[in-house]
Structures are given as structure tokens and as C-alpha cells.
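Listing of entry_20.csv; format and content: CSV, C-alpha atoms and all ligand atoms.
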```csv
chain,number,residue,atom,x,y,z
A,224,MET,CA,-4.9,9.9,1.5
A,225,TYR,CA,-4.5,6.3,2.8
A,226,PRO,CA,-0.8,5.6,2.7
A,227,PRO,CA,0.0,1.9,3.0
A,228,ALA,CA,3.1,3.0,5.0
A,229,TRP,CA,1.1,4.8,7.7
A,230,MET,CA,4.1,5.1,10.1
A,231,LEU,CA,7.6,5.9,9.1
A,232,THR,CA,10.8,6.5,11.2
A,233,ARG,CA,14.0,8.5,11.2
A,234,ILE,CA,17.0,8.5,13.5
A,235,ALA,CA,18.4,11.9,14.5
A,236,THR,CA,22.1,11.9,13.6
A,237,THR,CA,22.7,15.1,15.6
A,238,ASP,CA,20.9,16.9,18.4
A,239,THR,CA,18.0,18.6,16.6
A,240,HIS,CA,15.3,21.1,17.6
A,241,LEU,CA,11.9,20.2,16.2
A,242,GLY,CA,9.4,23.0,17.2
A,243,ARG,CA,9.7,23.3,21.0
A,244,HIS,CA,11.3,19.9,21.4
A,245,LEU,CA,14.9,18.8,21.6
A,246,ILE,CA,15.6,15.5,19.8
A,247,PRO,CA,18.9,14.1,21.1
A,248,ALA,CA,21.2,12.5,18.6
A,249,GLY,CA,20.4,8.8,18.3
A,250,SER,CA,16.7,9.1,19.0
A,251,THR,CA,14.2,7.4,16.8
A,252,ILE,CA,11.4,9.6,15.6
A,253,ALA,CA,8.1,8.0,14.4
A,254,TYR,CA,5.9,10.1,12.2
A,255,SER,CA,2.7,9.3,10.4
A,256,PRO,CA,1.9,10.2,6.7
A,257,TYR,CA,-1.7,9.0,7.5
A,258,LEU,CA,-2.1,11.7,10.2
A,259,LEU,CA,-0.5,14.3,7.9
A,260,HIS,CA,-2.9,13.3,5.1
A,261,HIS,CA,-5.8,13.7,7.5
A,262,ARG,CA,-5.1,17.2,8.8
A,263,PRO,CA,-8.3,19.2,8.1
A,264,ASP,CA,-6.3,22.4,7.7
A,265,LEU,CA,-4.5,20.9,4.7
A,266,TYR,CA,-7.3,18.7,3.4
A,267,PRO,CA,-10.9,20.0,4.0
A,268,ASP,CA,-13.1,17.0,4.9
A,269,PRO,CA,-10.1,14.7,4.8
A,270,ASP,CA,-12.2,11.4,5.1
A,271,ARG,CA,-14.2,12.2,1.9
A,272,PHE,CA,-13.2,10.3,-1.3
A,273,ASP,CA,-12.5,13.3,-3.5
A,274,PRO,CA,-10.0,12.6,-6.4
A,275,ASP,CA,-10.6,16.2,-7.6
A,276,ARG,CA,-8.7,17.6,-4.6
A,277,TRP,CA,-5.7,18.0,-6.9
A,278,ALA,CA,-7.6,19.2,-9.9
A,279,ASP,CA,-6.2,22.4,-11.4
A,280,GLU,CA,-9.2,24.6,-10.7
A,281,HIS,CA,-9.0,23.9,-7.0
A,282,THR,CA,-7.5,27.0,-5.5
A,283,ALA,CA,-6.5,25.5,-2.2
A,284,THR,CA,-4.3,22.7,-3.6
A,285,PRO,CA,-2.4,21.2,-0.6
A,286,PRO,CA,1.3,21.9,-0.6
A,287,ARG,CA,3.5,19.2,-2.2
A,288,GLU,CA,5.1,18.2,1.1
A,289,ALA,CA,1.6,17.5,2.6
A,290,LEU,CA,1.3,14.3,0.5
A,291,ILE,CA,4.0,11.8,1.3
A,292,PRO,CA,2.7,8.2,0.6
A,293,PHE,CA,6.2,7.4,-0.6
A,294,GLY,CA,8.1,9.2,2.2
A,295,SER,CA,10.3,12.2,1.6
A,296,GLY,CA,13.9,13.2,1.6
A,297,ALA,CA,17.0,11.2,0.9
A,298,ARG,CA,15.4,7.8,1.7
A,299,LYS,CA,12.2,8.4,-0.2
A,300,CYS,CA,10.8,5.4,-2.1
A,301,VAL,CA,12.8,4.8,-5.3
A,302,GLY,CA,9.9,3.0,-7.0
A,303,ASP,CA,7.3,5.8,-6.7
A,304,VAL,CA,6.9,6.6,-10.4
A,305,PHE,CA,6.8,2.9,-11.3
A,306,ALA,CA,4.2,2.2,-8.5
A,307,ILE,CA,2.0,5.1,-9.6
A,308,THR,CA,2.2,4.1,-13.3
A,309,GLU,CA,1.5,0.4,-12.4
A,310,ALA,CA,-1.4,1.3,-10.2
A,311,THR,CA,-3.0,3.7,-12.8
A,312,LEU,CA,-2.7,1.0,-15.5
A,313,ALA,CA,-4.0,-1.7,-13.3
A,314,LEU,CA,-7.0,0.4,-12.2
A,315,ALA,CA,-7.8,1.5,-15.8
A,316,THR,CA,-7.5,-2.1,-17.0
A,317,LEU,CA,-9.8,-3.4,-14.3
A,318,ALA,CA,-12.3,-0.6,-14.4
A,319,ALA,CA,-12.6,-0.9,-18.2
A,320,ARG,CA,-13.6,-4.5,-18.0
A,321,TRP,CA,-15.4,-4.8,-14.6
A,322,HIS,CA,-17.9,-2.8,-12.7
A,323,LEU,CA,-17.0,-3.1,-9.0
A,324,GLN,CA,-19.7,-2.5,-6.4
A,325,LEU,CA,-19.4,-2.7,-2.6
A,326,LEU,CA,-21.7,-5.5,-1.3
A,327,PRO,CA,-24.8,-4.1,0.4
A,328,GLY,CA,-24.4,-3.4,4.1
A,329,ARG,CA,-20.6,-3.4,3.9
A,330,HIS,CA,-18.6,-0.6,5.4
A,331,VAL,CA,-14.9,-0.2,4.6
A,332,HIS,CA,-12.5,0.9,7.3
A,333,PRO,CA,-8.8,1.6,7.2
A,334,ALA,CA,-7.1,-1.1,9.3
A,335,ARG,CA,-3.6,-0.8,10.7
A,336,ALA,CA,-1.1,-3.6,10.4
A,337,VAL,CA,2.5,-3.4,9.1
A,338,LEU,CA,0.7,-1.7,6.2
A,339,LEU,CA,-2.6,0.2,6.2
A,340,HIS,CA,-5.2,-1.8,4.4
A,341,PRO,CA,-9.0,-1.8,3.8
A,342,ARG,CA,-11.1,-3.9,6.2
A,343,GLY,CA,-14.6,-5.0,5.1
A,344,LEU,CA,-13.9,-4.5,1.4
A,345,ARG,CA,-16.1,-7.1,-0.2
A,346,MET,CA,-17.1,-6.3,-3.7
A,347,ARG,CA,-19.2,-7.7,-6.5
A,348,ALA,CA,-17.4,-7.7,-9.9
A,349,THR,CA,-19.7,-7.6,-12.9
A,350,ALA,CA,-18.3,-7.9,-16.4
A,351,ARG,CA,-19.0,-4.7,-18.4
A,352,SER,CA,-20.5,-5.4,-21.8
A,353,VAL,CA,-18.6,-3.8,-24.7
A,354,SER,CA,-20.3,-2.2,-27.6
A,355,HIS,CA,-18.3,-1.1,-30.6
A,356,ARG,CA,-18.9,-0.2,-34.3
A,357,SER,CA,-17.1,-2.3,-36.9
A,358,SER,CA,-14.5,-0.1,-38.4
A,359,GLY,CA,-13.8,0.4,-42.1
A,360,ALA,CA,-16.8,-1.5,-43.5
A,361,GLY,CA,-19.1,1.4,-43.0
A,362,THR,CA,-22.0,-0.9,-42.1
A,363,GLY,CA,-22.5,0.8,-38.7
A,364,ALA,CA,-23.2,-2.6,-37.2
A,365,SER,CA,-22.5,-2.8,-33.5
A,366,VAL,CA,-21.5,-5.8,-31.6
A,367,ASP,CA,-22.3,-6.4,-27.9
A,368,HIS,CA,-20.3,-9.0,-26.0
A,369,GLU,CA,-18.9,-9.8,-22.7
A,370,PRO,CA,-15.3,-8.7,-22.4
A,371,ASN,CA,-13.5,-12.0,-22.1
A,372,GLN,CA,-10.0,-12.7,-23.3
A,373,ARG,CA,-11.1,-14.1,-26.7
A,374,ASN,CA,-13.2,-11.1,-27.6
A,375,TYR,CA,-10.3,-8.7,-26.8
A,376,SER,CA,-8.0,-10.8,-28.9
A,377,ASP,CA,-10.5,-10.6,-31.8
A,378,LEU,CA,-10.6,-6.8,-31.4
A,379,TRP,CA,-6.9,-6.6,-31.4
A,380,ARG,CA,-6.6,-8.8,-34.6
A,381,ARG,CA,-9.3,-6.7,-36.4
A,382,GLY,CA,-7.3,-3.6,-35.6
A,383,GLN,CA,-4.2,-4.9,-37.3
A,401,LIG,C1,2.2,1.7,-3.9
A,401,LIG,C2,3.5,1.2,-3.9
A,401,LIG,C3,4.6,1.7,-2.9
A,401,LIG,C4,4.5,2.4,-1.8
A,401,LIG,C5,3.2,3.0,-1.1
A,401,LIG,C6,5.8,2.6,-1.3
A,401,LIG,C7,6.2,3.3,-0.2
A,401,LIG,C8,7.5,3.4,0.3
A,401,LIG,C9,7.8,4.2,1.5
A,401,LIG,C10,6.8,4.9,2.4
A,401,LIG,C11,9.2,4.1,1.7
A,401,LIG,C12,10.0,4.7,2.8
A,401,LIG,C13,10.4,6.1,2.5
A,401,LIG,C14,10.9,6.9,3.6
A,401,LIG,O1,11.3,6.3,4.6
A,401,LIG,O2,10.9,8.1,3.5
A,401,LIG,C15,9.7,3.2,0.6
A,401,LIG,C16,11.0,2.9,0.4
A,401,LIG,C17,11.5,2.2,-0.6
A,401,LIG,N1,10.7,1.7,-1.7
A,401,LIG,FE1,8.7,1.9,-2.0
A,401,LIG,N2,6.7,2.0,-2.2
A,401,LIG,C18,6.0,1.4,-3.2
A,401,LIG,C19,6.4,0.7,-4.3
A,401,LIG,C20,7.8,0.5,-4.5
A,401,LIG,C21,8.3,-0.2,-5.7
A,401,LIG,C22,7.4,-0.6,-6.9
A,401,LIG,C23,9.6,-0.3,-5.5
A,401,LIG,C24,10.7,-0.8,-6.5
A,401,LIG,C25,10.5,-1.0,-7.8
A,401,LIG,C26,10.0,0.3,-4.3
A,401,LIG,C27,11.2,0.4,-3.7
A,401,LIG,C28,11.6,1.0,-2.5
A,401,LIG,C29,12.9,1.1,-2.0
A,401,LIG,C30,14.2,0.4,-2.6
A,401,LIG,C31,12.9,1.8,-0.8
A,401,LIG,C32,14.0,2.1,0.2
A,401,LIG,C33,14.6,3.5,-0.2
A,401,LIG,C34,15.8,3.9,0.7
A,401,LIG,O3,15.7,3.5,1.9
A,401,LIG,O4,16.7,4.6,0.3
A,401,LIG,N3,8.8,0.8,-3.7
A,401,LIG,N4,8.6,2.9,-0.2
```
Translate the structure of the given file into C-alpha cells.
Ligand code: HEM
Amino acid sequence: MYPPAWMLTRIATTDTHLGRHLIPAGSTIAYSPYLLHHRPDLYPDPDRFDPDRWADEHTATPPREALIPFGSGARKCVGDVFAITEATLALATLAARWHLQLLPGRHVHPARAVLLHPRGLRMRATARSVSHRSSGAGTGASVDHEPNQRNYSDLWRRGQ
């Protein structure tokens, strides 16, 4: 919904009709994935954080071309799958270890620069405590600890 590349461009190679407009060859066209992602006819309540917009049970799933954070067509980003995989892993890794909370009184706004980025995003990171049952021994004992590097190494070794 908030594409870092909020404005993209294309150059018309031939005279082109776009709707009612003639785009002469050589013209630069600027278009905004951000505006597309915020069209209320495509995305009801577009400013609302709603990761379930694309859930299967939603009947009004927006069309595929309505979401273009990586551009579209022949010059589309070549790193899109890598970037989505990396972002998903990074988020899952961080969220498993840290509880992130917006500081009181803070309001986050999208800010335009070369890339769209959040302004006012000050957060408190609190380490999540981890509870697990020792495996194999059958004691049912649980261990609570802070998730630092040493503890994760211990868990890794115990799993071997
Ligand atoms: C969240 C991360 C990323 C975003 C939002 C992003 C977004 C974009 C966008 C919007 C374009 C222009 C597409 C167009 O004009 O239609 C682009 C182009 C490109 N991106 Fe990414 N990108 C990301 C990560 C990556 C990564 C990880 C790589 C490489 C591993 C990469 C490599 C490229 C390349 C080479 C192009 C130029 C493609 C061309 O002109 O043919 N990007 N990207």
C-alpha cells in the first residue's frame, strides 16, 4: 500500500492514446503506484492497515495490476521475489524476538523523498521472553529467558 517507489516514469516510444489524451512520442509520463494503491474503488478504506485485504475469503480482492510496488511490464523490478522473501524473513525474525510499540503520542505519516518512507516512526523495542519445554527428557520443565544470542545458540545445540 505504501510503495517506496511512489513515482515511476515511462517514455512513450510512439504516439500513444491514453484515455482521451494523446501522448506524443518522446514524452515522459510520470505515474504513481501510491495513488493507484489508494484508489478507494480498488481498495476500500485504503489508509487502513489491513493485511487481510488479500486473504482468500475476501471476495473483492483487488486485481493483480492494482498492486505494483515493484513496477510492471518489461522494466519491472528483477529483485521482487528476493525482496519479498527477505522482508518476510526479516519481519518474522524481528517480531519473534522483539515486541515493537509506537511511542505514546507519536503519529506516523508517509513522507515523500526519492523514496516514500515513514516519518515519526519512533518505537520501543522490548525483548520477548521465550518459554519452551525441554524436549525428550519428559520432565515438562519450562525455561524462561530473554532471547539473546547465547540462549538461541543453546536452543540450537540442544536441538542437534
Ligand atoms: C522492497 C524492495 C524493492 C522495491 C520496492 C523495488 C522496487 C523497484 C521498482 C519500483 C523498480 C522500477 C520498475 C518499473 O519501472 O516498472 C525497480 C527496478 C529494479 N529493481 Fe527493484 N525493488 C526492490 C528490491 C530490489 C532488489 C533486492 C533488487 C536486486 C536484487 C532489485 C533490482 C532491481 C533492478 C535491476 C531494477 C531495474 C529493472 C529494469 O530497469 O529492467 N530491486 N525496483
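Closest to Met230 of chain A among A:Leu325, A:Ala348, A:Ala278, A:Ala336 is A:Ala336, based on all atoms listed in the file.
Take the candidates A:Arg233, A:Arg298, A:His330, A:Arg262 and check each one against ligand LIG 401 (chain A) using only C-alpha atoms and all ligand atoms; the shortest distance goes to A:Arg298.
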Problem - Expected selection as an MDAnalysis selection string for ligand LIG 401 (chain A) within 12 Å, only C-alpha atoms and all ligand atoms - result: chainID A and resid 224:234 252:257 288 290:311 313 337:340
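Interatomic distance, atom CA of Ser250 of chain A to atom CA of Ala235 of chain A: 5.6 Å.
Among the candidates A:Ala289, A:Leu344, A:Leu241, A:Ile246, the residue lying nearest to Leu258 of chain A is A:Ala289 (atoms considered: all atoms listed in the file).
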Exercise for the section: Figure out the distance between atom CA of His322 of chain A and atom CA of Arg347 of chain A, please, to one decimal in Å. Expected result: 8.0 Å
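Distance-wise, atom CA of Leu317 of chain A and atom CA of Pro274 of chain A end up 17.8 Å apart.
Between Gly328 of chain A and the residues A:Met346, A:His261, A:Thr316, A:Thr284, the shortest atom-to-atom distance, using only C-alpha atoms, involves A:Met346.
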Handout entry: Using only C-alpha atoms: which of A:Pro333, A:Asp268, A:Arg342, A:Leu259 has the shortest distance to Pro286 of chain A
Key = A:Leu259
Assuming the input is short of atoms at segment 259-277 of chain A, produce N, CA and C atoms for that part as a PDB file, keeping the file's coordinate frame.
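The resulting file, rebuild-v8.pdb, is reproduced below:
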```pdb
ATOM      1  N   LEU A 259      -0.760  13.141   8.708  1.00  0.00           N
ATOM      2  CA  LEU A 259      -0.500  14.300   7.900  1.00  0.00           C
ATOM      3  C   LEU A 259      -1.601  14.452   6.806  1.00  0.00           C
ATOM      4  N   HIS A 260      -1.921  13.321   6.172  1.00  0.00           N
ATOM      5  CA  HIS A 260      -2.900  13.300   5.100  1.00  0.00           C
ATOM      6  C   HIS A 260      -4.330  13.614   5.601  1.00  0.00           C
ATOM      7  N   HIS A 261      -4.515  13.513   6.903  1.00  0.00           N
ATOM      8  CA  HIS A 261      -5.800  13.700   7.500  1.00  0.00           C
ATOM      9  C   HIS A 261      -5.938  15.013   8.289  1.00  0.00           C
ATOM     10  N   ARG A 262      -4.978  15.916   8.080  1.00  0.00           N
ATOM     11  CA  ARG A 262      -5.100  17.200   8.800  1.00  0.00           C
ATOM     12  C   ARG A 262      -6.104  18.064   8.067  1.00  0.00           C
ATOM     13  N   PRO A 263      -7.181  18.442   8.783  1.00  0.00           N
ATOM     14  CA  PRO A 263      -8.300  19.200   8.100  1.00  0.00           C
ATOM     15  C   PRO A 263      -7.823  20.583   7.645  1.00  0.00           C
ATOM     16  N   ASP A 264      -6.726  21.133   8.238  1.00  0.00           N
ATOM     17  CA  ASP A 264      -6.300  22.400   7.700  1.00  0.00           C
ATOM     18  C   ASP A 264      -5.605  22.306   6.374  1.00  0.00           C
ATOM     19  N   LEU A 265      -5.121  21.127   6.053  1.00  0.00           N
ATOM     20  CA  LEU A 265      -4.500  20.900   4.700  1.00  0.00           C
ATOM     21  C   LEU A 265      -5.488  20.303   3.753  1.00  0.00           C
ATOM     22  N   TYR A 266      -6.341  19.425   4.280  1.00  0.00           N
ATOM     23  CA  TYR A 266      -7.300  18.700   3.400  1.00  0.00           C
ATOM     24  C   TYR A 266      -8.705  18.889   3.993  1.00  0.00           C
ATOM     25  N   PRO A 267      -9.479  19.822   3.472  1.00  0.00           N
ATOM     26  CA  PRO A 267     -10.900  20.000   4.000  1.00  0.00           C
ATOM     27  C   PRO A 267     -11.611  18.653   3.823  1.00  0.00           C
ATOM     28  N   ASP A 268     -12.343  18.273   4.866  1.00  0.00           N
ATOM     29  CA  ASP A 268     -13.100  17.000   4.900  1.00  0.00           C
ATOM     30  C   ASP A 268     -12.231  15.847   4.446  1.00  0.00           C
ATOM     31  N   PRO A 269     -11.179  15.595   5.225  1.00  0.00           N
ATOM     32  CA  PRO A 269     -10.100  14.700   4.800  1.00  0.00           C
ATOM     33  C   PRO A 269     -10.602  13.223   4.587  1.00  0.00           C
ATOM     34  N   ASP A 270     -11.722  12.828   5.223  1.00  0.00           N
ATOM     35  CA  ASP A 270     -12.200  11.400   5.100  1.00  0.00           C
ATOM     36  C   ASP A 270     -12.973  11.214   3.790  1.00  0.00           C
ATOM     37  N   ARG A 271     -13.343  12.307   3.128  1.00  0.00           N
ATOM     38  CA  ARG A 271     -14.200  12.200   1.900  1.00  0.00           C
ATOM     39  C   ARG A 271     -13.355  11.729   0.732  1.00  0.00           C
ATOM     40  N   PHE A 272     -13.878  10.749  -0.028  1.00  0.00           N
ATOM     41  CA  PHE A 272     -13.200  10.300  -1.300  1.00  0.00           C
ATOM     42  C   PHE A 272     -13.398  11.421  -2.293  1.00  0.00           C
ATOM     43  N   ASP A 273     -12.337  12.123  -2.629  1.00  0.00           N
ATOM     44  CA  ASP A 273     -12.500  13.300  -3.500  1.00  0.00           C
ATOM     45  C   ASP A 273     -11.215  13.360  -4.421  1.00  0.00           C
ATOM     46  N   PRO A 274     -11.204  12.580  -5.508  1.00  0.00           N
ATOM     47  CA  PRO A 274     -10.000  12.600  -6.400  1.00  0.00           C
ATOM     48  C   PRO A 274      -9.774  13.971  -7.001  1.00  0.00           C
ATOM     49  N   ASP A 275     -10.784  14.864  -6.975  1.00  0.00           N
ATOM     50  CA  ASP A 275     -10.600  16.200  -7.600  1.00  0.00           C
ATOM     51  C   ASP A 275      -9.862  17.166  -6.661  1.00  0.00           C
ATOM     52  N   ARG A 276      -9.424  16.687  -5.496  1.00  0.00           N
ATOM     53  CA  ARG A 276      -8.700  17.600  -4.600  1.00  0.00           C
ATOM     54  C   ARG A 276      -7.496  18.230  -5.314  1.00  0.00           C
ATOM     55  N   TRP A 277      -6.909  17.498  -6.246  1.00  0.00           N
ATOM     56  CA  TRP A 277      -5.700  18.000  -6.900  1.00  0.00           C
ATOM     57  C   TRP A 277      -5.999  18.561  -8.289  1.00  0.00           C
TER      58      TRP A 277
END
```
